[in-house]
$ cat input_1.cif   # mmCIF, C-alpha atoms
data_entry
loop_
_atom_site.label_atom_id
_atom_site.label_comp_id
_atom_site.auth_asym_id
_atom_site.auth_seq_id
_atom_site.Cartn_x
_atom_site.Cartn_y
_atom_site.Cartn_z
CA MET A 1 -34.07 3.12 -0.72
CA LEU A 2 -37.14 1.50 0.81
CA VAL A 3 -36.06 -1.90 -0.51
CA LEU A 4 -32.51 -1.43 0.79
CA GLY A 5 -33.95 -0.48 4.17
CA GLU A 6 -35.88 -3.77 4.32
CA CYS A 7 -32.75 -5.67 3.30
CA GLY A 8 -30.85 -3.96 6.10
CA ARG A 9 -33.46 -5.03 8.66
CA VAL A 10 -32.52 -8.70 8.14
CA LEU A 11 -28.98 -8.24 6.78
CA ALA A 12 -30.08 -9.70 3.45
CA GLY A 13 -27.27 -10.12 0.95
CA VAL A 14 -29.27 -8.81 -2.02
CA ALA A 15 -26.86 -7.38 -4.60
CA LEU A 16 -28.54 -4.00 -5.03
CA LEU A 17 -25.83 -1.78 -3.54
CA GLY A 18 -23.63 -2.60 -6.53
CA HIS A 19 -26.33 -2.99 -9.15
CA LEU A 20 -28.32 0.23 -8.73
CA PRO A 21 -25.54 2.86 -9.07
CA ALA A 22 -24.24 0.95 -12.10
CA THR A 23 -27.60 0.96 -13.84
CA ALA A 24 -28.05 4.64 -12.93
CA ILE A 25 -24.95 5.45 -15.01
CA LEU A 26 -26.18 3.29 -17.88
CA GLY A 27 -29.63 4.86 -17.71
CA ASP A 28 -28.13 8.35 -18.07
CA SER A 29 -26.07 7.33 -21.11
CA SER A 30 -27.58 7.36 -24.60
CA SER A 31 -24.74 5.13 -25.83
CA ALA A 32 -25.42 2.26 -23.42
CA PRO A 33 -26.00 -1.00 -25.34
CA LYS A 34 -29.75 -1.59 -25.61
CA ASP A 35 -29.46 -5.35 -25.29
CA LEU A 36 -27.49 -4.90 -22.08
CA LEU A 37 -30.12 -2.58 -20.61
CA GLU A 38 -32.84 -5.10 -21.41
CA ALA A 39 -30.89 -7.97 -19.85
CA LEU A 40 -30.25 -5.92 -16.70
CA ALA A 41 -33.89 -4.87 -16.46
CA THR A 42 -35.19 -8.44 -16.77
CA GLY A 43 -32.67 -9.84 -14.31
CA GLU A 44 -30.87 -12.02 -16.83
CA ARG A 45 -27.65 -10.15 -16.05
CA ARG A 46 -26.39 -8.21 -13.04
CA ALA A 47 -24.15 -5.16 -12.90
CA ALA A 48 -21.71 -4.03 -10.24
CA TYR A 49 -20.64 -0.44 -9.64
CA LEU A 50 -16.94 0.40 -9.58
CA PRO A 51 -17.07 2.93 -6.71
CA THR A 52 -15.04 6.02 -7.55
CA SER A 53 -15.27 9.07 -5.32
CA PRO A 54 -15.59 12.41 -7.16
CA PRO A 55 -13.43 15.41 -6.21
CA ASN A 56 -14.13 17.27 -2.99
CA ASP A 57 -12.96 20.49 -1.37
CA LEU A 58 -9.59 18.95 -0.48
CA SER A 59 -8.77 17.06 -3.68
CA ASP A 60 -9.39 17.47 -7.40
CA GLU A 61 -8.87 13.77 -8.08
CA TRP A 62 -11.27 10.86 -8.58
CA THR A 63 -10.19 8.27 -6.03
CA LEU A 64 -10.79 4.69 -4.88
CA ASP A 65 -11.07 2.96 -1.52
CA PRO A 66 -7.63 1.67 -0.50
CA ALA A 67 -6.77 -1.98 0.07
CA HIS A 68 -4.63 -0.94 3.06
CA GLY A 69 -3.99 2.27 4.96
CA LEU A 70 -5.62 5.66 4.57
CA GLY A 71 -4.23 6.92 1.26
CA ARG A 72 -6.79 6.83 -1.55
CA PRO A 73 -5.43 5.65 -4.94
CA SER A 74 -6.45 7.29 -8.20
CA ALA A 75 -9.23 6.02 -10.43
CA PRO A 76 -8.48 3.45 -13.15
CA THR A 77 -6.99 4.79 -16.38
CA ALA A 78 -8.20 4.13 -19.92
CA VAL A 79 -6.73 4.47 -23.40
CA ARG A 80 -8.69 4.23 -26.61
CA ASP A 81 -8.21 1.20 -28.80
CA GLU A 82 -6.31 1.73 -32.02
CA GLY A 83 -8.74 2.78 -34.69
CA ALA A 84 -11.27 4.22 -32.23
CA ASN A 85 -12.23 7.80 -33.00
CA ALA A 86 -11.26 10.10 -30.14
CA GLY A 87 -13.95 12.54 -31.22
CA ASP A 88 -16.77 10.06 -30.74
CA ALA A 89 -18.83 10.29 -27.57
CA ALA A 90 -18.70 6.52 -27.27
CA GLY A 91 -16.17 3.94 -28.37
CA ASN A 92 -13.89 1.17 -27.20
CA ALA A 93 -11.00 1.46 -24.80
CA ARG A 94 -8.63 -0.53 -22.60
CA VAL A 95 -8.75 0.00 -18.84
CA ASN A 96 -6.09 -0.61 -16.20
CA GLY A 97 -6.48 -0.36 -12.44
CA GLN A 98 -7.17 -2.11 -9.17
CA LEU A 99 -10.25 -1.62 -7.02
CA SER A 100 -10.61 -2.96 -3.49
CA PHE A 101 -13.65 -4.02 -1.48
CA VAL A 102 -16.14 -3.52 -4.32
CA PRO A 103 -19.69 -4.34 -3.12
CA ASP A 104 -21.42 -7.19 -4.96
CA ALA A 105 -18.55 -7.66 -7.43
CA PRO A 106 -18.37 -11.49 -7.16
CA GLY A 107 -20.79 -13.01 -9.64
CA ALA A 108 -21.55 -9.75 -11.48
CA ASP A 109 -21.84 -9.96 -15.27
CA VAL A 110 -20.77 -6.40 -16.09
CA LEU A 111 -18.80 -3.72 -14.28
CA VAL A 112 -19.79 -0.06 -14.67
CA GLY A 113 -17.90 2.91 -13.34
CA VAL A 114 -15.42 5.68 -14.02
CA ALA A 115 -12.01 5.65 -15.68
CA LEU A 116 -9.69 8.53 -16.54
CA LEU A 117 -9.56 8.77 -20.33
CA GLU A 118 -7.04 11.38 -21.46
CA GLY A 119 -7.19 12.68 -17.90
CA GLN A 120 -10.97 13.17 -17.94
CA PRO A 121 -13.51 11.11 -15.95
CA THR A 122 -15.41 8.89 -18.37
CA GLY A 123 -18.09 6.28 -17.93
CA ILE A 124 -17.13 2.72 -18.89
CA VAL A 125 -18.75 -0.70 -19.15
CA ILE A 126 -16.62 -3.84 -18.81
CA ASP A 127 -17.60 -7.47 -19.33
CA ALA A 128 -16.68 -9.13 -16.05
CA SER A 129 -16.02 -12.45 -17.80
CA ALA A 130 -13.21 -11.03 -19.97
CA PRO A 131 -9.84 -12.74 -19.39
CA GLU A 132 -8.30 -9.33 -18.66
CA VAL A 133 -10.61 -8.97 -15.63
CA THR A 134 -9.97 -10.66 -12.29
CA VAL A 135 -12.56 -10.58 -9.52
CA GLU A 136 -11.34 -12.02 -6.22
CA ALA A 137 -14.04 -12.67 -3.65
CA VAL A 138 -13.15 -11.27 -0.23
CA GLU A 139 -13.95 -13.15 2.95
CA GLY A 140 -14.72 -10.12 5.05
CA TYR A 141 -15.40 -9.32 8.68
CA ASP A 142 -19.10 -9.23 7.81
CA ALA A 143 -19.99 -12.52 6.12
CA THR A 144 -23.41 -11.18 5.10
CA ARG A 145 -21.79 -8.65 2.71
CA SER A 146 -20.47 -9.69 -0.71
CA LEU A 147 -17.21 -7.92 -1.57
CA GLY A 148 -14.50 -8.38 -4.17
CA HIS A 149 -11.11 -7.08 -5.24
CA ILE A 150 -11.00 -6.27 -8.96
CA THR A 151 -7.91 -6.16 -11.16
CA LEU A 152 -8.14 -4.71 -14.67
CA LYS A 153 -5.21 -5.33 -17.05
CA ASP A 154 -5.95 -3.82 -20.46
CA ALA A 155 -9.56 -4.83 -19.92
CA PRO A 156 -11.73 -4.11 -22.99
CA ALA A 157 -14.37 -1.51 -22.20
CA THR A 158 -17.17 0.35 -23.90
CA VAL A 159 -16.94 4.10 -23.36
CA LEU A 160 -20.21 5.78 -22.38
CA ASP A 161 -21.35 9.33 -23.07
CA ALA A 162 -22.61 9.83 -19.51
CA SER A 163 -21.95 13.31 -18.16
CA VAL A 164 -19.52 14.03 -15.35
CA GLU A 165 -22.50 15.06 -13.21
CA SER A 166 -24.09 11.65 -13.80
CA LEU A 167 -20.88 9.85 -12.83
CA ALA A 168 -20.62 11.85 -9.61
CA SER A 169 -24.32 11.32 -8.87
CA ALA A 170 -23.81 7.54 -8.97
CA TRP A 171 -21.32 7.83 -6.10
CA HIS A 172 -23.78 9.87 -4.05
CA LEU A 173 -26.55 7.42 -4.91
CA ALA A 174 -24.41 4.65 -3.43
CA GLN A 175 -24.02 6.78 -0.29
CA ALA A 176 -27.79 7.17 0.01
CA LEU A 177 -28.39 3.46 -0.57
CA ILE A 178 -25.95 2.30 2.10
CA ALA A 179 -27.50 4.89 4.41
CA ALA A 180 -30.95 3.40 3.79
CA GLU A 181 -29.63 -0.10 4.41
CA SER A 182 -27.96 1.01 7.63
CA LEU A 183 -31.13 2.63 8.96
CA GLY A 184 -33.03 -0.59 8.30
CA SER A 185 -30.51 -2.39 10.50
CA VAL A 186 -30.92 0.30 13.17
CA GLU A 187 -34.69 -0.29 13.19
CA THR A 188 -34.26 -3.99 13.88
CA ALA A 189 -31.57 -3.43 16.51
CA LEU A 190 -33.80 -0.94 18.33
CA GLU A 191 -36.93 -3.11 18.15
CA VAL A 192 -35.13 -6.20 19.43
CA SER A 193 -33.41 -4.24 22.20
CA VAL A 194 -36.63 -2.58 23.40
CA ALA A 195 -38.47 -5.91 23.43
CA TYR A 196 -35.73 -7.54 25.51
CA ALA A 197 -35.56 -4.55 27.88
CA LYS A 198 -39.26 -5.10 28.63
CA GLU A 199 -39.06 -8.83 29.29
CA ARG A 200 -35.70 -9.14 31.04
CA HIS A 201 -36.02 -8.59 34.80
CA THR A 202 -33.37 -7.99 37.42
CA PHE A 203 -33.83 -7.05 41.08
CA GLY A 204 -37.55 -7.49 40.52
CA ARG A 205 -37.79 -4.87 37.76
CA ALA A 206 -37.67 -4.88 33.96
CA ILE A 207 -34.23 -3.59 32.94
CA GLY A 208 -35.97 -1.11 30.66
CA SER A 209 -37.11 0.77 33.75
CA TYR A 210 -33.52 1.75 34.60
CA GLN A 211 -32.39 5.13 33.35
CA ALA A 212 -29.10 3.84 31.93
CA VAL A 213 -31.01 1.50 29.62
CA LYS A 214 -33.81 3.93 28.79
CA HIS A 215 -31.43 6.75 27.90
CA SER A 216 -29.27 4.57 25.65
CA LEU A 217 -32.31 3.31 23.75
CA THR A 218 -33.73 6.81 23.45
CA GLU A 219 -30.45 8.00 21.93
CA VAL A 220 -30.68 5.26 19.29
CA LEU A 221 -34.24 6.38 18.52
CA ARG A 222 -33.11 9.99 18.19
CA GLN A 223 -30.38 9.09 15.73
CA LEU A 224 -32.75 6.83 13.78
CA GLU A 225 -35.35 9.57 13.34
CA ASN A 226 -32.69 12.11 12.42
CA GLY A 227 -31.26 9.77 9.82
CA ARG A 228 -34.67 8.87 8.40
CA SER A 229 -35.52 12.54 7.87
CA LEU A 230 -32.21 13.15 6.09
CA LEU A 231 -32.71 10.01 4.00
CA TYR A 232 -36.14 11.08 2.79
CA TYR A 233 -34.71 14.43 1.75
CA ALA A 234 -31.88 12.73 -0.11
CA GLY A 235 -34.38 10.52 -1.93
CA TRP A 236 -36.39 13.53 -3.03
CA SER A 237 -33.41 15.69 -3.98
CA ARG A 238 -31.87 13.18 -6.41
CA HIS A 239 -34.39 14.32 -9.03
CA GLY A 240 -36.19 17.12 -7.20
CA ALA A 241 -33.09 19.24 -6.48
CA PRO A 242 -30.01 17.57 -8.06
CA GLY A 243 -27.74 20.38 -6.92
CA GLU A 244 -28.50 19.51 -3.29
CA PHE A 245 -28.19 15.74 -3.71
CA PRO A 246 -24.45 15.44 -2.88
CA LEU A 247 -24.93 17.24 0.44
CA ALA A 248 -28.18 15.44 1.26
CA ALA A 249 -26.81 11.96 0.49
CA SER A 250 -23.58 12.61 2.38
CA ALA A 251 -25.48 13.90 5.41
CA ALA A 252 -27.72 10.83 5.43
CA ARG A 253 -24.70 8.54 5.15
CA SER A 254 -22.88 10.34 7.95
CA VAL A 255 -25.77 10.15 10.41
CA SER A 256 -26.87 6.62 9.50
CA GLY A 257 -23.34 5.25 9.91
CA ARG A 258 -23.06 6.65 13.42
CA ALA A 259 -26.62 5.52 14.22
CA LEU A 260 -25.90 1.91 13.25
CA ASP A 261 -22.68 1.86 15.24
CA GLN A 262 -24.54 3.18 18.30
CA ALA A 263 -27.49 0.82 17.81
CA ALA A 264 -25.32 -2.26 17.44
CA ARG A 265 -23.29 -1.45 20.55
CA THR A 266 -26.46 -0.72 22.52
CA MET A 267 -28.01 -3.96 21.33
CA ILE A 268 -25.08 -5.91 22.76
CA SER A 269 -25.11 -3.90 25.99
CA VAL A 270 -28.84 -4.33 26.63
CA HIS A 271 -28.67 -8.09 26.06
CA GLY A 272 -25.78 -8.48 28.47
CA GLY A 273 -23.56 -11.56 28.19
CA ILE A 274 -25.60 -13.32 25.51
CA GLY A 275 -25.42 -10.25 23.30
CA ALA A 276 -21.70 -10.82 22.82
CA THR A 277 -22.05 -14.46 21.76
CA TRP A 278 -23.08 -16.26 18.58
CA GLU A 279 -26.19 -17.45 20.46
CA HIS A 280 -27.69 -14.08 19.49
CA ASP A 281 -27.86 -12.04 16.26
CA ALA A 282 -26.38 -8.94 17.88
CA PRO A 283 -22.79 -9.68 16.75
CA LEU A 284 -24.01 -9.89 13.14
CA TYR A 285 -25.38 -6.35 13.33
CA PHE A 286 -22.21 -5.15 15.05
CA ARG A 287 -20.08 -6.60 12.25
CA ARG A 288 -22.34 -5.05 9.62
CA ALA A 289 -21.98 -1.68 11.38
CA GLN A 290 -18.19 -1.82 11.51
CA LEU A 291 -17.81 -2.81 7.86
CA SER A 292 -20.49 -0.45 6.51
CA ARG A 293 -18.91 2.56 8.19
CA ARG A 294 -15.71 1.89 6.21
CA LEU A 295 -17.05 1.07 2.73
CA LEU A 296 -17.55 3.55 -0.11
CA GLY A 297 -15.40 6.27 1.38
CA GLY A 298 -16.63 5.56 4.89
CA THR A 299 -18.78 7.47 7.33
CA SER A 300 -15.88 9.84 7.99
CA GLY A 301 -15.52 10.58 4.28
CA ALA A 302 -19.21 11.47 4.05
CA THR A 303 -18.89 13.71 7.11
CA ASP A 304 -15.90 15.48 5.56
CA ARG A 305 -17.88 16.05 2.37
CA VAL A 306 -20.76 17.55 4.36
CA ALA A 307 -18.31 19.94 6.03
CA GLY A 308 -16.75 20.85 2.68
CA GLU A 309 -20.13 21.51 1.07
CA LEU A 310 -21.36 23.68 3.96
CA ILE A 311 -18.10 25.64 4.24
CA SER A 312 -18.07 26.34 0.51
CA GLN A 313 -21.68 27.56 0.70
CA ALA A 314 -20.85 29.79 3.64
#
$ encode --input "input_1.cif" --output "structure tokens"
Amino acid sequence: MLVLGECGRVLAGVALLGHLPATAILGDSSSAPKDLLEALATGERRAAYLPTSPPNDLSDEWTLDPAHGLGRPSAPTAVRDEGANAGDAAGNARVNGQLSFVPDAPGADVLVGVALLEGQPTGIVIDASAPEVTVEAVEGYDATRSLGHITLKDAPATVLDASVESLASAWHLAQALIAAESLGSVETALEVSVAYAKERHTFGRAIGSYQAVKHSLTEVLRQLENGRSLLYYAGWSRHGAPGEFPLAASAARSVSGRALDQAARTMISVHGGIGATWEHDAPLYFRRAQLSRRLLGGTSGATDRVAGELISQA
């Protein structure tokens, strides 16, 4: 999370958002190939996570981000290869499905995620170079973010013995990571905006002395501190209180997404005309904010999950 926060400060395109949830699934699976784990640990190979949202209070299905519209398609499906023993915890299978806007998919060596095997969520590992796998790089609204559309047509996969809880935790880990990245971007947006508000003068006064500017910057600071507190709790709860991790990660994602949207808009506003041009970095942070709030279920999806968790507890 600390590393993702630093990446977010400078909009660095480091492929950790896809790699870390994937390796979390592999790390929780005793059947993960040892040579693959070693190659991923040394950096010889890179993994990408196939983001699949676990069930919530409104749906019992595992779902994917849609390519268009609001309807969420179901997770990829898998069937065991002929000769594979259905009673084994691990084995070989064939996977079919389409996934849209997968972070860090272009250039990844292996794909790790969830497929429905005999109707049950199951961890899978797929060689991205297999001819049955197509990864189409997406030229997105935010050019600093690597995204890809993935098509699986009878793609050969290794079935993992990761638990359902581990598969769901990977999704929430991705939520916490994108939250950390977003808060890093908020920090930079706030620092740059405050510095400009001190040096830019109008009518003989620094613009930071006007209430409209001060109040907008203070609101960004409030949201940043709120998000940072939630993020620290999410980081602790992943291992310290696993039962609270889904709520904590979703809360951090919800607040950080709104914070980055507010910070990016304020950054443009404070800088005036130049803030809306390519002569300044502000549009880059605005584009990152608008794309980030839609990826991996979106800020609204995280907010809905927070509401569902709290209502069920009540």
$ closest_residue --input "input_1.cif" --among "A:His271, A:His280, A:Arg9, A:Arg94" --to "A:Ala195" --atoms "only C-alpha atoms"
A:His271
$ residues_around --input "input_1.cif" --residues "A:Glu244" --least-positions-apart "4" --cutoff "12 Å" --atoms "all atoms listed in the file" --output "list of chain:residue names"
A:Ser169, A:His172, A:Leu230, A:Tyr233, A:Ala234, A:Gly235, A:Trp236, A:Ser237, A:Arg238, A:His239, A:Gly240, A:Ala248, A:Ala249, A:Ser250, A:Ala251, A:Val306, A:Glu309, A:Leu310, A:Gln313
$ resolve_selection --input "input_1.cif" --expression "the PyMOL selection byres ((chain A and resi 17) around 8)" --output "ChimeraX atom specification"
/A:4,14-16,18-21,103-104,174,177-178
$ closest_residue --input "input_1.cif" --among "A:Leu11, A:Leu64, A:Ala212, A:Ala143" --to "A:Pro51" --atoms "only C-alpha atoms"
A:Leu64
$ residues_around --input "input_1.cif" --residues "stretch 151-161 of chain A" --least-positions-apart "4" --cutoff "6 Å" --atoms "only C-alpha atoms" --output "list in words"
Ser29, Ser31, Ala89, Ala90, Gly91, Asn92, Ala93, Arg94, Val95, Asn96, Gly97, Gln98, Gly123, Ile124, Val125, Ile126, Glu132, Val133 and Thr134 of chain A
$ write_last_selection --input "input_1.cif" --atoms "C-alpha atoms" --output "mmCIF file, in the frame of the given file"
data_model
loop_
_atom_site.group_PDB
_atom_site.id
_atom_site.type_symbol
_atom_site.label_atom_id
_atom_site.label_comp_id
_atom_site.auth_asym_id
_atom_site.auth_seq_id
_atom_site.Cartn_x
_atom_site.Cartn_y
_atom_site.Cartn_z
ATOM 1 C CA SER A 29 -26.070 7.330 -21.110
ATOM 2 C CA SER A 31 -24.740 5.130 -25.830
ATOM 3 C CA ALA A 89 -18.830 10.290 -27.570
ATOM 4 C CA ALA A 90 -18.700 6.520 -27.270
ATOM 5 C CA GLY A 91 -16.170 3.940 -28.370
ATOM 6 C CA ASN A 92 -13.890 1.170 -27.200
ATOM 7 C CA ALA A 93 -11.000 1.460 -24.800
ATOM 8 C CA ARG A 94 -8.630 -0.530 -22.600
ATOM 9 C CA VAL A 95 -8.750 0.000 -18.840
ATOM 10 C CA ASN A 96 -6.090 -0.610 -16.200
ATOM 11 C CA GLY A 97 -6.480 -0.360 -12.440
ATOM 12 C CA GLN A 98 -7.170 -2.110 -9.170
ATOM 13 C CA GLY A 123 -18.090 6.280 -17.930
ATOM 14 C CA ILE A 124 -17.130 2.720 -18.890
ATOM 15 C CA VAL A 125 -18.750 -0.700 -19.150
ATOM 16 C CA ILE A 126 -16.620 -3.840 -18.810
ATOM 17 C CA GLU A 132 -8.300 -9.330 -18.660
ATOM 18 C CA VAL A 133 -10.610 -8.970 -15.630
ATOM 19 C CA THR A 134 -9.970 -10.660 -12.290
#
$ residues_around --input "input_1.cif" --residues "A:Arg228" --least-positions-apart "3" --cutoff "8 Å" --atoms "all atoms listed in the file" --output "MDAnalysis selection string"
chainID A and resid 183 224:225 231:232 252
$ axis_aligned_box --input "input_1.cif" --around "stretch 294-309 of chain A" --padding-each-side "4 Å" --output "lines of an AutoDock Vina configuration file"
center_x = -18.1
center_y = 11.3
center_z = 3.9
size_x = 13.4
size_y = 28.4
size_z = 16.1
$ resolve_selection --input "input_1.cif" --expression "the PyMOL selection byres ((chain A and resi 266) around 12)" --output "PyMOL selection string"
chain A and resi 186+189-194+196-197+212-221+259-265+267-272+275-276+282-283+285-286
$ atom_distance --input "input_1.cif" --atom1 "atom CA of A:Ala24" --atom2 "atom CA of A:Ser300"
24.8 Å
$ resolve_selection --input "input_1.cif" --expression "the PyMOL selection byres ((chain A and resi 121) around 10)" --output "list of chain:residue names"
A:Thr52, A:Pro54, A:Glu61, A:Trp62, A:Ala75, A:Pro76, A:Thr77, A:Ala78, A:Gly113, A:Val114, A:Ala115, A:Leu116, A:Leu117, A:Glu118, A:Gly119, A:Gln120, A:Thr122, A:Gly123, A:Ile124, A:Ala162, A:Ser163, A:Val164, A:Leu167, A:Ala168
$ write_last_selection --input "input_1.cif" --atoms "C-alpha atoms" --output "short mmCIF file (atom, residue, chain, number, x, y, z; two decimals), in the coordinates of the input"
data_model
loop_
_atom_site.label_atom_id
_atom_site.label_comp_id
_atom_site.auth_asym_id
_atom_site.auth_seq_id
_atom_site.Cartn_x
_atom_site.Cartn_y
_atom_site.Cartn_z
CA THR A 52 -15.04 6.02 -7.55
CA PRO A 54 -15.59 12.41 -7.16
CA GLU A 61 -8.87 13.77 -8.08
CA TRP A 62 -11.27 10.86 -8.58
CA ALA A 75 -9.23 6.02 -10.43
CA PRO A 76 -8.48 3.45 -13.15
CA THR A 77 -6.99 4.79 -16.38
CA ALA A 78 -8.20 4.13 -19.92
CA GLY A 113 -17.90 2.91 -13.34
CA VAL A 114 -15.42 5.68 -14.02
CA ALA A 115 -12.01 5.65 -15.68
CA LEU A 116 -9.69 8.53 -16.54
CA LEU A 117 -9.56 8.77 -20.33
CA GLU A 118 -7.04 11.38 -21.46
CA GLY A 119 -7.19 12.68 -17.90
CA GLN A 120 -10.97 13.17 -17.94
CA THR A 122 -15.41 8.89 -18.37
CA GLY A 123 -18.09 6.28 -17.93
CA ILE A 124 -17.13 2.72 -18.89
CA ALA A 162 -22.61 9.83 -19.51
CA SER A 163 -21.95 13.31 -18.16
CA VAL A 164 -19.52 14.03 -15.35
CA LEU A 167 -20.88 9.85 -12.83
CA ALA A 168 -20.62 11.85 -9.61
#
$ closest_residue --input "input_1.cif" --among "A:Arg253, A:Ala170, A:Leu111, A:Gly301" --to "A:Gly27" --atoms "only C-alpha atoms"
A:Ala170
$ closest_residue --input "input_1.cif" --among "A:Gly297, A:Ala307, A:Glu136, A:Arg45" --to "A:Gly71" --atoms "all atoms listed in the file"
A:Gly297
$ build_atoms --input "input_1.cif" --residues "stretch 282-295 of chain A" --atoms "N, CA and C atoms" --output "short mmCIF file (atom, residue, chain, number, x, y, z; two decimals), keeping the file's coordinate frame"
data_model
loop_
_atom_site.label_atom_id
_atom_site.label_comp_id
_atom_site.auth_asym_id
_atom_site.auth_seq_id
_atom_site.Cartn_x
_atom_site.Cartn_y
_atom_site.Cartn_z
N ALA A 282 -27.00 -10.25 17.66
CA ALA A 282 -26.38 -8.94 17.88
C ALA A 282 -24.99 -8.82 17.26
N PRO A 283 -24.11 -9.82 17.37
CA PRO A 283 -22.79 -9.68 16.75
C PRO A 283 -22.85 -9.51 15.24
N LEU A 284 -23.88 -10.06 14.59
CA LEU A 284 -24.01 -9.89 13.14
C LEU A 284 -24.26 -8.42 12.79
N TYR A 285 -25.10 -7.76 13.59
CA TYR A 285 -25.38 -6.35 13.33
C TYR A 285 -24.16 -5.49 13.70
N PHE A 286 -23.42 -5.89 14.71
CA PHE A 286 -22.21 -5.15 15.05
C PHE A 286 -21.19 -5.25 13.92
N ARG A 287 -21.03 -6.43 13.35
CA ARG A 287 -20.08 -6.60 12.25
C ARG A 287 -20.53 -5.81 11.02
N ARG A 288 -21.84 -5.83 10.75
CA ARG A 288 -22.34 -5.05 9.62
C ARG A 288 -22.04 -3.56 9.85
N ALA A 289 -22.23 -3.10 11.08
CA ALA A 289 -21.98 -1.68 11.38
C ALA A 289 -20.53 -1.31 11.15
N GLN A 290 -19.61 -2.16 11.61
CA GLN A 290 -18.19 -1.82 11.51
C GLN A 290 -17.69 -1.86 10.08
N LEU A 291 -18.23 -2.77 9.27
CA LEU A 291 -17.81 -2.81 7.86
C LEU A 291 -18.47 -1.69 7.06
N SER A 292 -19.76 -1.47 7.28
CA SER A 292 -20.49 -0.45 6.51
C SER A 292 -19.91 0.94 6.72
N ARG A 293 -19.43 1.22 7.93
CA ARG A 293 -18.91 2.56 8.19
C ARG A 293 -17.55 2.79 7.53
N ARG A 294 -17.00 1.75 6.89
CA ARG A 294 -15.71 1.89 6.21
C ARG A 294 -15.81 1.78 4.69
N LEU A 295 -16.90 1.24 4.17
CA LEU A 295 -17.05 1.07 2.73
C LEU A 295 -17.38 2.39 2.04
#
